[in-house]
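Reading through the structure tokens given below for one structure.
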Amino acid sequence: VTNANNCSSTASATVTVNPNPTAGVNTPSPICVGQSASLTATGGGTYSWSTGATTANINVSPATTTTYIVTVTNANNCSSTASATVTVNPNPTAGVNTPSPICVGQSASLTATGGGTYSWSTGATTANINVSPATTTTYIVTVTNANNCSSTASATVTVNPLPTPSVSAPSPICVGQSATLTASGGTNYQWNTGANTASITVSPGSTTTYTVTVTSAAGCSATASGTVTVNPLPTPSVSAPAPICVGQSATLTASGGTNYIWNTGSTSATINVSPSTTTTYTVTVTNANGCSATASGTVT
């Protein structure tokens, strides 16, 4: 320093330069939407993140790819910054078709979309599965894309119960008679005779089983059957008496059943008659099943 008299002297000062910290942040692996990443800063005594956090380690869950900046300050109050980018990969858009309701015993097809790989709650790993639940069931599929990001979708298979059909049991009939069968338990009926009413009248020549398919309001079907027992008619006969003279009597004997009714009113198997002219006598013969047939004998 020189003054006005041209006299000089010197002085000195030292500038101390403190080093900046070496700020650093780890490089996180890519995440999927909804996941979190851990960021850890190094190099200082205090930390200040662009999120407002002041700890060395922070967990972040960005919805899109985001860069985070941290300011690192050391004991000398010197600072430097570092940054890390968290890459956020999109989740797949998982989807499953909505199947139509099924009946017990039927199957439904479920097809998932939206990814590269699929994992169902059944254990299946294909996009399409066929299921046959006994009751209404919800199936969940996890869909994973090429970035290994996943999302789920679900579909409910509604299972309608089968109807519980029944057919009234008719009493046994005789050959030539008819019986009525009535089905119940549904809203629509289809018999193996072709009839589509709840009740049908049939006249089988022998014991026959009839089957009906009963359909409920939900469109589910089940079958029931009813058997019409047909008892045979008796095979009656009447012994043929020898011709008689006026004033004599003849004996007619019927056979082939358990009960007999003659047109004379007699209820025994054998009758004695004394007709004044040639006459034919008729007997109705009934067997143990209650079936009847007639036979006749002529007295000459």
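Numbering starts fresh at 1 for the residues of each chain in the structure tokens, the chains themselves are lettered A, B, ... in the order given, and ligands are numbered from 1 as they appear.
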
I'd like a table as JSON lines: residues in range 128-212 of chain A with an atom no more than 8 Å from range 220-238 of chain A, each row giving the shortest atom pair and its distance in Å to one decimal, only C-alpha atoms counted, sorted by chain and rising residue number.
```
{"residue": "A:Asn160", "atom": "CA", "partner": "A:Cys220", "partner_atom": "CA", "distance": 7.2}
{"residue": "A:Pro161", "atom": "CA", "partner": "A:Cys220", "partner_atom": "CA", "distance": 7.1}
{"residue": "A:Leu162", "atom": "CA", "partner": "A:Cys220", "partner_atom": "CA", "distance": 5.4}
{"residue": "A:Pro163", "atom": "CA", "partner": "A:Ala222", "partner_atom": "CA", "distance": 6.1}
{"residue": "A:Thr164", "atom": "CA", "partner": "A:Ala222", "partner_atom": "CA", "distance": 7.1}
{"residue": "A:Pro165", "atom": "CA", "partner": "A:Ala224", "partner_atom": "CA", "distance": 5.8}
{"residue": "A:Ser166", "atom": "CA", "partner": "A:Ala224", "partner_atom": "CA", "distance": 5.7}
{"residue": "A:Val167", "atom": "CA", "partner": "A:Gly226", "partner_atom": "CA", "distance": 5.6}
{"residue": "A:Ser168", "atom": "CA", "partner": "A:Gly226", "partner_atom": "CA", "distance": 6.9}
{"residue": "A:Ala169", "atom": "CA", "partner": "A:Gly226", "partner_atom": "CA", "distance": 6.1}
{"residue": "A:Pro170", "atom": "CA", "partner": "A:Val228", "partner_atom": "CA", "distance": 6.4}
{"residue": "A:Ser171", "atom": "CA", "partner": "A:Val228", "partner_atom": "CA", "distance": 7.5}
{"residue": "A:Pro172", "atom": "CA", "partner": "A:Thr229", "partner_atom": "CA", "distance": 4.8}
{"residue": "A:Ile173", "atom": "CA", "partner": "A:Val230", "partner_atom": "CA", "distance": 5.0}
{"residue": "A:Cys174", "atom": "CA", "partner": "A:Asn231", "partner_atom": "CA", "distance": 4.8}
{"residue": "A:Val175", "atom": "CA", "partner": "A:Pro232", "partner_atom": "CA", "distance": 5.8}
{"residue": "A:Ala179", "atom": "CA", "partner": "A:Val228", "partner_atom": "CA", "distance": 7.2}
{"residue": "A:Leu181", "atom": "CA", "partner": "A:Gly226", "partner_atom": "CA", "distance": 7.2}
{"residue": "A:Pro204", "atom": "CA", "partner": "A:Val230", "partner_atom": "CA", "distance": 7.3}
{"residue": "A:Gly205", "atom": "CA", "partner": "A:Val230", "partner_atom": "CA", "distance": 7.0}
{"residue": "A:Ser206", "atom": "CA", "partner": "A:Val230", "partner_atom": "CA", "distance": 5.1}
{"residue": "A:Thr207", "atom": "CA", "partner": "A:Thr229", "partner_atom": "CA", "distance": 4.4}
{"residue": "A:Thr208", "atom": "CA", "partner": "A:Val228", "partner_atom": "CA", "distance": 5.4}
{"residue": "A:Thr209", "atom": "CA", "partner": "A:Thr227", "partner_atom": "CA", "distance": 4.1}
{"residue": "A:Tyr210", "atom": "CA", "partner": "A:Gly226", "partner_atom": "CA", "distance": 5.4}
{"residue": "A:Thr211", "atom": "CA", "partner": "A:Ser225", "partner_atom": "CA", "distance": 4.2}
{"residue": "A:Val212", "atom": "CA", "partner": "A:Ala224", "partner_atom": "CA", "distance": 5.6}
```

Saved selection, atoms kept: C-alpha atoms, as a CSV table (one decimal), in the first residue's frame:
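Saved as result.csv:
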```
chain,number,residue,atom,x,y,z
A,160,ASN,CA,-78.0,-71.6,-12.3
A,161,PRO,CA,-79.3,-74.7,-10.5
A,162,LEU,CA,-81.0,-77.5,-12.4
A,163,PRO,CA,-84.7,-78.0,-11.9
A,164,THR,CA,-85.9,-80.9,-9.7
A,165,PRO,CA,-88.5,-82.5,-11.9
A,166,SER,CA,-90.9,-85.2,-10.9
A,167,VAL,CA,-93.6,-87.3,-12.6
A,168,SER,CA,-96.8,-88.5,-10.9
A,169,ALA,CA,-97.0,-92.2,-10.7
A,170,PRO,CA,-100.2,-93.5,-12.2
A,171,SER,CA,-102.1,-96.5,-11.0
A,172,PRO,CA,-101.6,-99.7,-13.1
A,173,ILE,CA,-104.0,-100.0,-16.0
A,174,CYS,CA,-105.3,-102.8,-18.2
A,175,VAL,CA,-104.7,-103.4,-21.8
A,179,ALA,CA,-103.3,-93.3,-17.9
A,181,LEU,CA,-98.8,-88.7,-16.4
A,204,PRO,CA,-99.6,-98.3,-24.1
A,205,GLY,CA,-100.1,-101.9,-25.1
A,206,SER,CA,-97.5,-103.0,-22.5
A,207,THR,CA,-95.7,-101.6,-19.5
A,208,THR,CA,-93.9,-98.5,-20.7
A,209,THR,CA,-91.6,-95.9,-19.2
A,210,TYR,CA,-92.1,-92.3,-20.4
A,211,THR,CA,-89.4,-89.6,-20.0
A,212,VAL,CA,-89.9,-85.9,-19.8
```

Mind dumping a table of every range 151-265 of chain A residue within 9 Å of range 93-102 of chain A, with the nearest atom pair and its distance in Å to one decimal, using only C-alpha atoms, sorted by chain and rising number, as CSV?
```
residue,atom,partner,partner_atom,distance
A:Ser151,CA,A:Ala94,CA,6.0
A:Thr152,CA,A:Ala94,CA,5.8
A:Ala153,CA,A:Gly95,CA,5.5
A:Ser154,CA,A:Val96,CA,6.4
A:Ala155,CA,A:Thr98,CA,6.1
A:Thr156,CA,A:Thr98,CA,7.3
A:Val157,CA,A:Pro101,CA,6.3
A:Thr158,CA,A:Pro101,CA,4.8
A:Val159,CA,A:Ile102,CA,5.1
A:Asn160,CA,A:Ile102,CA,6.1
A:Pro161,CA,A:Ile102,CA,8.9
A:Ala218,CA,A:Pro101,CA,8.8
A:Gly219,CA,A:Ile102,CA,8.9
A:Cys220,CA,A:Ile102,CA,8.1
```

Keeping N, CA, C and O atoms for every residue in the selection just given, could you write it to a file as a short mmCIF file (atom, residue, chain, number, x, y, z; two decimals), in the first residue's frame?
```
data_model
loop_
_atom_site.label_atom_id
_atom_site.label_comp_id
_atom_site.auth_asym_id
_atom_site.auth_seq_id
_atom_site.Cartn_x
_atom_site.Cartn_y
_atom_site.Cartn_z
N SER A 151 -51.28 -56.40 -13.65
CA SER A 151 -52.56 -55.94 -13.13
C SER A 151 -53.52 -57.12 -13.18
O SER A 151 -53.24 -58.13 -13.82
N THR A 152 -54.62 -57.00 -12.47
CA THR A 152 -55.57 -58.11 -12.40
C THR A 152 -56.93 -57.73 -12.96
O THR A 152 -57.28 -56.55 -13.04
N ALA A 153 -57.66 -58.76 -13.36
CA ALA A 153 -59.04 -58.61 -13.80
C ALA A 153 -59.79 -59.84 -13.30
O ALA A 153 -59.19 -60.87 -12.99
N SER A 154 -61.09 -59.73 -13.22
CA SER A 154 -61.88 -60.86 -12.72
C SER A 154 -63.17 -60.99 -13.52
O SER A 154 -63.65 -60.03 -14.13
N ALA A 155 -63.69 -62.19 -13.50
CA ALA A 155 -64.97 -62.48 -14.15
C ALA A 155 -65.73 -63.47 -13.28
O ALA A 155 -65.14 -64.41 -12.74
N THR A 156 -67.03 -63.25 -13.16
CA THR A 156 -67.87 -64.14 -12.36
C THR A 156 -68.71 -65.02 -13.27
O THR A 156 -69.38 -64.53 -14.18
N VAL A 157 -68.63 -66.31 -13.05
CA VAL A 157 -69.45 -67.28 -13.78
C VAL A 157 -70.66 -67.60 -12.91
O VAL A 157 -70.53 -68.20 -11.84
N THR A 158 -71.83 -67.16 -13.37
CA THR A 158 -73.07 -67.42 -12.64
C THR A 158 -73.58 -68.81 -12.99
O THR A 158 -73.75 -69.14 -14.18
N VAL A 159 -73.81 -69.63 -11.98
CA VAL A 159 -74.26 -71.01 -12.19
C VAL A 159 -75.70 -71.13 -11.69
O VAL A 159 -75.98 -70.97 -10.50
N ASN A 160 -76.62 -71.38 -12.61
CA ASN A 160 -78.01 -71.57 -12.25
C ASN A 160 -78.28 -73.04 -11.93
O ASN A 160 -77.75 -73.94 -12.59
N PRO A 161 -79.07 -73.31 -10.89
CA PRO A 161 -79.33 -74.71 -10.51
C PRO A 161 -80.22 -75.41 -11.53
O PRO A 161 -81.00 -74.77 -12.25
N ALA A 218 -84.67 -70.34 -15.91
CA ALA A 218 -83.30 -69.93 -16.24
C ALA A 218 -82.75 -70.69 -17.44
O ALA A 218 -81.61 -70.45 -17.85
N GLY A 219 -83.55 -71.61 -18.00
CA GLY A 219 -83.11 -72.35 -19.18
C GLY A 219 -82.33 -73.61 -18.86
O GLY A 219 -81.70 -74.19 -19.76
N CYS A 220 -82.34 -74.03 -17.60
CA CYS A 220 -81.63 -75.26 -17.22
C CYS A 220 -82.61 -76.43 -17.26
O CYS A 220 -83.79 -76.28 -16.93
#
```

Selection: 7 Å around Pro30 in chain A, only C-alpha atoms, excl. self and same-chain fewer than 4 positions, as a ChimeraX atom specification: /A:86-89

Using only C-alpha atoms, which of the listed residues (A:Thr144, A:Ser48, A:Ser199, A:Ser107) sits closest to Thr125 in chain A?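 Residue with the minimum atom-to-atom distance to Thr125 in chain A: A:Thr144.
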
As an NGL selection string, please: the residues near Ser80 in chain A (cut-off 9 Å, only C-alpha atoms, same-chain neighbours under 5 positions excluded). :A and (20-23 or 70-73)

So which bits of range 137-177 of chain A end up strand (DSSP E or B) when you DSSP the backbone, as a list in words?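 Answer for range 137-177 of chain A, restricted to strand (DSSP E or B): Thr137, Thr138, Tyr139, Ile140, Val141, Thr142, Val143, Thr144, Ser150, Ser151, Thr152, Ala153, Ser154, Ala155, Thr156, Val157, Val159, Asn160, Ser166, Val167, Ile173 and Cys174 of chain A.
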
For Val33 in chain A, please output as a PyMOL selection string all residues within 6 Å (counting only C-alpha atoms; exclusion window: fewer than 2 positions along the same chain). chain A and resi 35+63+90

Point-to-point distance in Å for CA of Ala112 in chain A and CA of Pro62 in chain A: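 The value is 27.9 Å.
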
Between CA of Asn145 in chain A and CA of Cys32 in chain A, what distance in Å does the model show, to one decimal?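 Separating CA of Asn145 in chain A from CA of Cys32 in chain A is a distance of 10.5 Å.
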
Would you kindly return, as a list in words, each protein, DNA or RNA residue with an atom no farther than 7 Å from any atom of Asn188 in chain A, considering only C-alpha atoms and excluding same-chain residues fewer than 3 positions away?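 Residues near the query, excluding close chain neighbours: Val214, Thr215 and Ser216 of chain A.
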
Quote the spacing between CA of Thr136 in chain A and CA of Gly115 in chain A in Å to one decimal place.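 For CA of Thr136 in chain A relative to CA of Gly115 in chain A, the distance reads 26.5 Å.
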
Rank A:Thr66, A:Asn259, A:Asn130, A:Ser203 by their smallest atom-to-atom distance to Val283 in chain A, using only C-alpha atoms, and report the top residue only.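 Comparing A:Thr66, A:Asn259, A:Asn130, A:Ser203 against Val283 in chain A, the winner is A:Asn259.
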
When you look at Thr279 in chain A with a cut-off of 12 Å (counting only C-alpha atoms), what residues show up, excluding the ones that are within fewer than 4 positions of it in the same chain? I need them as a list in words. Pro241, Pro243, Ile244, Val246, Ser249, Ala250, Leu252, Asn263, Thr264, Val273, Ser274, Pro275, Ser296, Gly297, Thr298, Val299 and Thr300 of chain A
